[in-house]
Amino acid sequence: MYRFCWVAGVAAVFVAALAIQGSASLRKLIEDDTELFLNFLNNDVLPERYRSAEYFKKIGKTLKVQAFSFKNCGGSVAGLTKLQVVPDPLALPGNFNVSGIGYIKEGLKSPLQASLLIHKKAAGVWVKIPCLGDFGSCDYDDLCEILDMASECPDAIQKSGLGCQCPFKQGNYSIPNINMYGSFGFPKGDYNLTGTLHYQGKYVACLEVILTIAA
């Protein structure tokens with residue numbers, strides 16, 4: 001389950017969006033025109049925690065991203081009770097630590113369907129990042145096949161009993177700090193990642209993570 005957590009919740013796969021003014025017509029244009037959207041990917045967006053009160057008054061928004069957060073957003077089989085990513089905000093490329101505590105109520109094996117949604121905050125609006133070559137907001141027929149291609153599994157995940165490949169056994173799992181290195185730089189901004197799992201027609205799990213990249 002290592003790569004899924006990495007993709008959906010632990011903050012390793014990120015893409016960028018343009019800081020737009022939030023009009024419905026422009027958001028629709030970005031979603032429909034891939035070429036135009038790709039021209040926006042390298043633009044930085046100042047994280048909301050660094051914005052002034054005047055900025056939020058101007059865009060007519062009151063809620064802002066202030067810190068890393070996560071929540072279980074559905075499913076009845078698996079979830080997390082703790083997830084921590086340090087530092088907050090993230091600076092990529094660079095080192096960061098991940099730790100978590102979770103549970104699986106029923107054994108899971110192939111095929112394990114997975115979906116990932118990625119949004120970036122721009123002018124108070126969450127802008128969806130499309131699926132481009134299996135990167136972005138994509139659906140995956142079998143997460144187990146993807147995990148089979150992973151070359152390494154961190155010692156902490158192996159020692160926890162969870163492991164990084166299917167099948168996943170029922171149980172409670174505690175994973176201490178895992179030191180990782182993000183080798184790719186991503187444009188700064190606030191990101192929302194939501195990952196879901198389905199198995200044998202059952203809604204297994206949903207995890208939503210909000211995080212910030214500041215450099």
# chains A, B, ... in the order shown; residues from 1 in each chain; ligands from 1
$ select_by_dssp --residues "segment 49-212 of chain A" --states "alpha helix (DSSP H)" --output "list in words"
Ala53, Glu54, Tyr55, Phe56, Lys57, Lys58, Ile59, Leu143, Cys144, Glu145, Ile146, Leu147, Asp148, Asp155, Ala156, Ile157, Gln158, Lys159 and Ser160 of chain A
$ write_last_selection --atoms "all heavy atoms" --output "compact mmCIF listing (two decimals), in the first residue's frame"
# COMPACT_ATOMS: atom_id res chain seq x y z
N ALA A 53 -4.98 39.47 4.72
CA ALA A 53 -6.44 39.54 4.87
C ALA A 53 -7.07 40.29 3.70
O ALA A 53 -8.19 39.97 3.28
CB ALA A 53 -6.78 40.24 6.20
N GLU A 54 -6.33 41.25 3.15
CA GLU A 54 -6.85 42.01 2.01
C GLU A 54 -7.05 41.11 0.80
O GLU A 54 -7.99 41.30 0.02
CB GLU A 54 -5.88 43.15 1.66
CG GLU A 54 -5.88 44.30 2.67
CD GLU A 54 -5.15 43.94 3.96
OE1 GLU A 54 -4.38 42.95 3.97
OE2 GLU A 54 -5.36 44.67 4.96
N TYR A 55 -6.18 40.13 0.64
CA TYR A 55 -6.30 39.20 -0.49
C TYR A 55 -7.62 38.43 -0.42
O TYR A 55 -8.35 38.32 -1.40
CB TYR A 55 -5.12 38.24 -0.50
CG TYR A 55 -5.28 37.05 -1.42
CD1 TYR A 55 -5.02 37.16 -2.77
CD2 TYR A 55 -5.68 35.81 -0.91
CE1 TYR A 55 -5.16 36.06 -3.63
CE2 TYR A 55 -5.83 34.71 -1.75
CZ TYR A 55 -5.56 34.85 -3.10
OH TYR A 55 -5.71 33.77 -3.93
N PHE A 56 -7.93 37.89 0.76
CA PHE A 56 -9.16 37.10 0.92
C PHE A 56 -10.40 37.98 0.81
O PHE A 56 -11.44 37.54 0.30
CB PHE A 56 -9.13 36.35 2.25
CG PHE A 56 -8.09 35.28 2.29
CD1 PHE A 56 -6.85 35.52 2.88
CD2 PHE A 56 -8.31 34.05 1.72
CE1 PHE A 56 -5.88 34.54 2.89
CE2 PHE A 56 -7.34 33.07 1.72
CZ PHE A 56 -6.12 33.31 2.31
N LYS A 57 -10.29 39.22 1.24
CA LYS A 57 -11.41 40.15 1.07
C LYS A 57 -11.65 40.43 -0.40
O LYS A 57 -12.79 40.49 -0.86
CB LYS A 57 -11.12 41.45 1.82
CG LYS A 57 -12.26 42.45 1.77
CD LYS A 57 -11.93 43.69 2.58
CE LYS A 57 -13.07 44.70 2.52
NZ LYS A 57 -12.75 45.92 3.31
N LYS A 58 -10.57 40.54 -1.14
CA LYS A 58 -10.68 40.85 -2.57
C LYS A 58 -11.33 39.71 -3.35
O LYS A 58 -12.15 39.95 -4.24
CB LYS A 58 -9.28 41.14 -3.14
CG LYS A 58 -9.27 41.48 -4.62
CD LYS A 58 -7.86 41.78 -5.10
CE LYS A 58 -7.85 42.11 -6.58
NZ LYS A 58 -6.46 42.40 -7.06
N ILE A 59 -10.97 38.46 -3.03
CA ILE A 59 -11.52 37.33 -3.78
C ILE A 59 -12.84 36.83 -3.18
O ILE A 59 -13.47 35.93 -3.74
CB ILE A 59 -10.52 36.16 -3.86
CG1 ILE A 59 -10.26 35.56 -2.46
CG2 ILE A 59 -9.22 36.59 -4.51
CD1 ILE A 59 -9.40 34.30 -2.49
N LEU A 143 -4.53 -1.51 -8.48
CA LEU A 143 -3.40 -0.96 -7.75
C LEU A 143 -2.34 -2.03 -7.49
O LEU A 143 -1.14 -1.73 -7.46
CB LEU A 143 -3.88 -0.37 -6.43
CG LEU A 143 -2.81 0.19 -5.50
CD1 LEU A 143 -2.13 1.40 -6.13
CD2 LEU A 143 -3.42 0.59 -4.16
N CYS A 144 -2.78 -3.27 -7.32
CA CYS A 144 -1.82 -4.34 -7.03
C CYS A 144 -0.80 -4.50 -8.14
O CYS A 144 0.39 -4.75 -7.88
CB CYS A 144 -2.57 -5.66 -6.81
SG CYS A 144 -3.65 -5.66 -5.36
N GLU A 145 -1.22 -4.36 -9.39
CA GLU A 145 -0.28 -4.47 -10.51
C GLU A 145 0.75 -3.35 -10.47
O GLU A 145 1.92 -3.56 -10.79
CB GLU A 145 -1.04 -4.43 -11.83
CG GLU A 145 -1.89 -5.67 -12.09
CD GLU A 145 -2.54 -5.63 -13.45
OE1 GLU A 145 -2.41 -4.59 -14.15
OE2 GLU A 145 -3.21 -6.63 -13.83
N ILE A 146 0.32 -2.16 -10.06
CA ILE A 146 1.25 -1.03 -9.95
C ILE A 146 2.25 -1.29 -8.83
O ILE A 146 3.45 -1.07 -8.98
CB ILE A 146 0.48 0.28 -9.70
CG1 ILE A 146 -0.45 0.57 -10.88
CG2 ILE A 146 1.44 1.43 -9.47
CD1 ILE A 146 -1.34 1.77 -10.67
N LEU A 147 1.76 -1.79 -7.70
CA LEU A 147 2.65 -2.05 -6.57
C LEU A 147 3.67 -3.14 -6.89
O LEU A 147 4.77 -3.13 -6.36
CB LEU A 147 1.82 -2.44 -5.35
CG LEU A 147 0.89 -1.37 -4.79
CD1 LEU A 147 0.05 -1.92 -3.65
CD2 LEU A 147 1.68 -0.15 -4.33
N ASP A 148 3.30 -4.08 -7.75
CA ASP A 148 4.22 -5.14 -8.12
C ASP A 148 5.46 -4.60 -8.83
O ASP A 148 6.51 -5.26 -8.87
CB ASP A 148 3.53 -6.17 -9.03
CG ASP A 148 2.58 -7.07 -8.25
OD1 ASP A 148 2.72 -7.15 -7.02
OD2 ASP A 148 1.69 -7.68 -8.89
N ASP A 155 11.92 -0.14 5.12
CA ASP A 155 12.01 -1.10 6.22
C ASP A 155 10.88 -0.92 7.23
O ASP A 155 10.35 -1.90 7.76
CB ASP A 155 13.36 -0.94 6.94
CG ASP A 155 14.52 -1.45 6.09
OD1 ASP A 155 14.27 -2.24 5.15
OD2 ASP A 155 15.67 -1.06 6.37
N ALA A 156 10.51 0.33 7.51
CA ALA A 156 9.47 0.59 8.51
C ALA A 156 8.15 -0.02 8.10
O ALA A 156 7.39 -0.53 8.94
CB ALA A 156 9.32 2.10 8.73
N ILE A 157 7.82 0.00 6.80
CA ILE A 157 6.57 -0.59 6.33
C ILE A 157 6.65 -2.11 6.36
O ILE A 157 5.68 -2.79 6.73
CB ILE A 157 6.26 -0.09 4.90
CG1 ILE A 157 6.02 1.42 4.92
CG2 ILE A 157 5.03 -0.80 4.35
CD1 ILE A 157 5.68 2.01 3.57
N GLN A 158 7.79 -2.66 6.02
CA GLN A 158 7.95 -4.12 6.09
C GLN A 158 7.84 -4.60 7.53
O GLN A 158 7.17 -5.60 7.82
CB GLN A 158 9.30 -4.51 5.50
CG GLN A 158 9.42 -4.24 4.00
CD GLN A 158 10.71 -4.81 3.43
OE1 GLN A 158 11.05 -5.97 3.67
NE2 GLN A 158 11.43 -4.00 2.68
N LYS A 159 8.51 -3.91 8.46
CA LYS A 159 8.50 -4.33 9.86
C LYS A 159 7.13 -4.16 10.50
O LYS A 159 6.81 -4.85 11.47
CB LYS A 159 9.54 -3.53 10.64
CG LYS A 159 10.98 -3.87 10.25
CD LYS A 159 11.98 -3.02 11.03
CE LYS A 159 13.41 -3.36 10.64
NZ LYS A 159 14.40 -2.50 11.37
N SER A 160 6.31 -3.26 9.98
CA SER A 160 4.97 -3.06 10.53
C SER A 160 4.06 -4.25 10.24
O SER A 160 3.02 -4.41 10.89
CB SER A 160 4.34 -1.79 9.96
OG SER A 160 3.96 -1.98 8.61
$ residues_around --residues "Thr194 of chain A" --least-positions-apart "4" --cutoff "9 Å" --atoms "only C-alpha atoms" --output "list in words"
Ala8, Gly9, Cys73, Ser115, Leu116, Leu117, Ile118, His119, Cys206, Leu207, Glu208, Val209 and Ile210 of chain A
$ closest_residue --among "A:Phe168, A:Tyr191, A:Tyr199, A:Phe184" --to "Leu46 of chain A" --atoms "only C-alpha atoms"
A:Tyr191
$ residues_around --residues "Arg51 of chain A" --least-positions-apart "5" --cutoff "12 Å" --atoms "only C-alpha atoms" --output "NGL selection string"
:A and (45-46 or 56-59 or 61-66 or 122-124 or 189-190)
$ residues_around --residues "segment 107-110 of chain A" --least-positions-apart "2" --cutoff "6 Å" --atoms "only C-alpha atoms" --output "JSON, numbers by chain"
{"A": [112, 144, 166, 167, 168, 169, 170]}
$ write_last_selection --atoms "all heavy atoms" --output "compact mmCIF listing (two decimals), in the first residue's frame"
# COMPACT_ATOMS: atom_id res chain seq x y z
N LEU A 112 -7.58 -4.50 -7.13
CA LEU A 112 -7.89 -3.45 -6.17
C LEU A 112 -7.95 -2.12 -6.94
O LEU A 112 -6.92 -1.56 -7.31
CB LEU A 112 -6.82 -3.40 -5.08
CG LEU A 112 -7.04 -2.54 -3.85
CD1 LEU A 112 -8.32 -2.91 -3.14
CD2 LEU A 112 -5.85 -2.65 -2.90
N CYS A 144 -2.78 -3.27 -7.32
CA CYS A 144 -1.82 -4.34 -7.03
C CYS A 144 -0.80 -4.50 -8.14
O CYS A 144 0.39 -4.75 -7.88
CB CYS A 144 -2.57 -5.66 -6.81
SG CYS A 144 -3.65 -5.66 -5.36
N CYS A 166 0.30 -6.47 -2.65
CA CYS A 166 -0.89 -7.27 -2.35
C CYS A 166 -0.49 -8.73 -2.16
O CYS A 166 0.52 -9.18 -2.72
CB CYS A 166 -1.90 -7.16 -3.48
SG CYS A 166 -2.50 -5.49 -3.78
N PRO A 167 -1.26 -9.50 -1.36
CA PRO A 167 -2.46 -9.07 -0.63
C PRO A 167 -2.12 -8.35 0.67
O PRO A 167 -1.03 -8.53 1.22
CB PRO A 167 -3.16 -10.40 -0.36
CG PRO A 167 -2.03 -11.39 -0.22
CD PRO A 167 -1.00 -10.95 -1.22
N PHE A 168 -3.07 -7.56 1.17
CA PHE A 168 -2.92 -6.87 2.44
C PHE A 168 -3.81 -7.55 3.47
O PHE A 168 -4.99 -7.78 3.23
CB PHE A 168 -3.30 -5.39 2.30
CG PHE A 168 -2.39 -4.64 1.37
CD1 PHE A 168 -2.87 -4.20 0.14
CD2 PHE A 168 -1.08 -4.39 1.70
CE1 PHE A 168 -2.04 -3.51 -0.73
CE2 PHE A 168 -0.23 -3.71 0.83
CZ PHE A 168 -0.72 -3.26 -0.39
N LYS A 169 -3.21 -7.87 4.62
CA LYS A 169 -3.93 -8.62 5.64
C LYS A 169 -4.70 -7.69 6.58
O LYS A 169 -4.34 -6.54 6.77
CB LYS A 169 -2.93 -9.45 6.46
CG LYS A 169 -2.17 -10.49 5.64
CD LYS A 169 -1.19 -11.25 6.51
CE LYS A 169 -0.41 -12.29 5.73
NZ LYS A 169 0.57 -13.01 6.57
N GLN A 170 -5.75 -8.25 7.16
CA GLN A 170 -6.50 -7.54 8.19
C GLN A 170 -5.59 -7.24 9.37
O GLN A 170 -4.76 -8.06 9.77
CB GLN A 170 -7.68 -8.40 8.64
CG GLN A 170 -8.48 -7.82 9.79
CD GLN A 170 -9.58 -8.77 10.24
OE1 GLN A 170 -9.84 -9.78 9.59
NE2 GLN A 170 -10.23 -8.46 11.35
$ atom_distance --atom1 "atom CA of Asn97 of chain A" --atom2 "atom CA of Asn177 of chain A"
5.7 Å
$ atom_distance --atom1 "atom CA of Gln165 of chain A" --atom2 "atom CA of Leu193 of chain A"
21.8 Å
$ atom_distance --atom1 "atom CA of Phe70 of chain A" --atom2 "atom CA of Asp141 of chain A"
24.7 Å
$ select_by_dssp --residues "segment 34-165 of chain A" --states "strand (DSSP E or B)" --output "PyMOL selection string"
chain A and resi 69-74+78-86+90+94-104+108+113-122+125-128+139-140
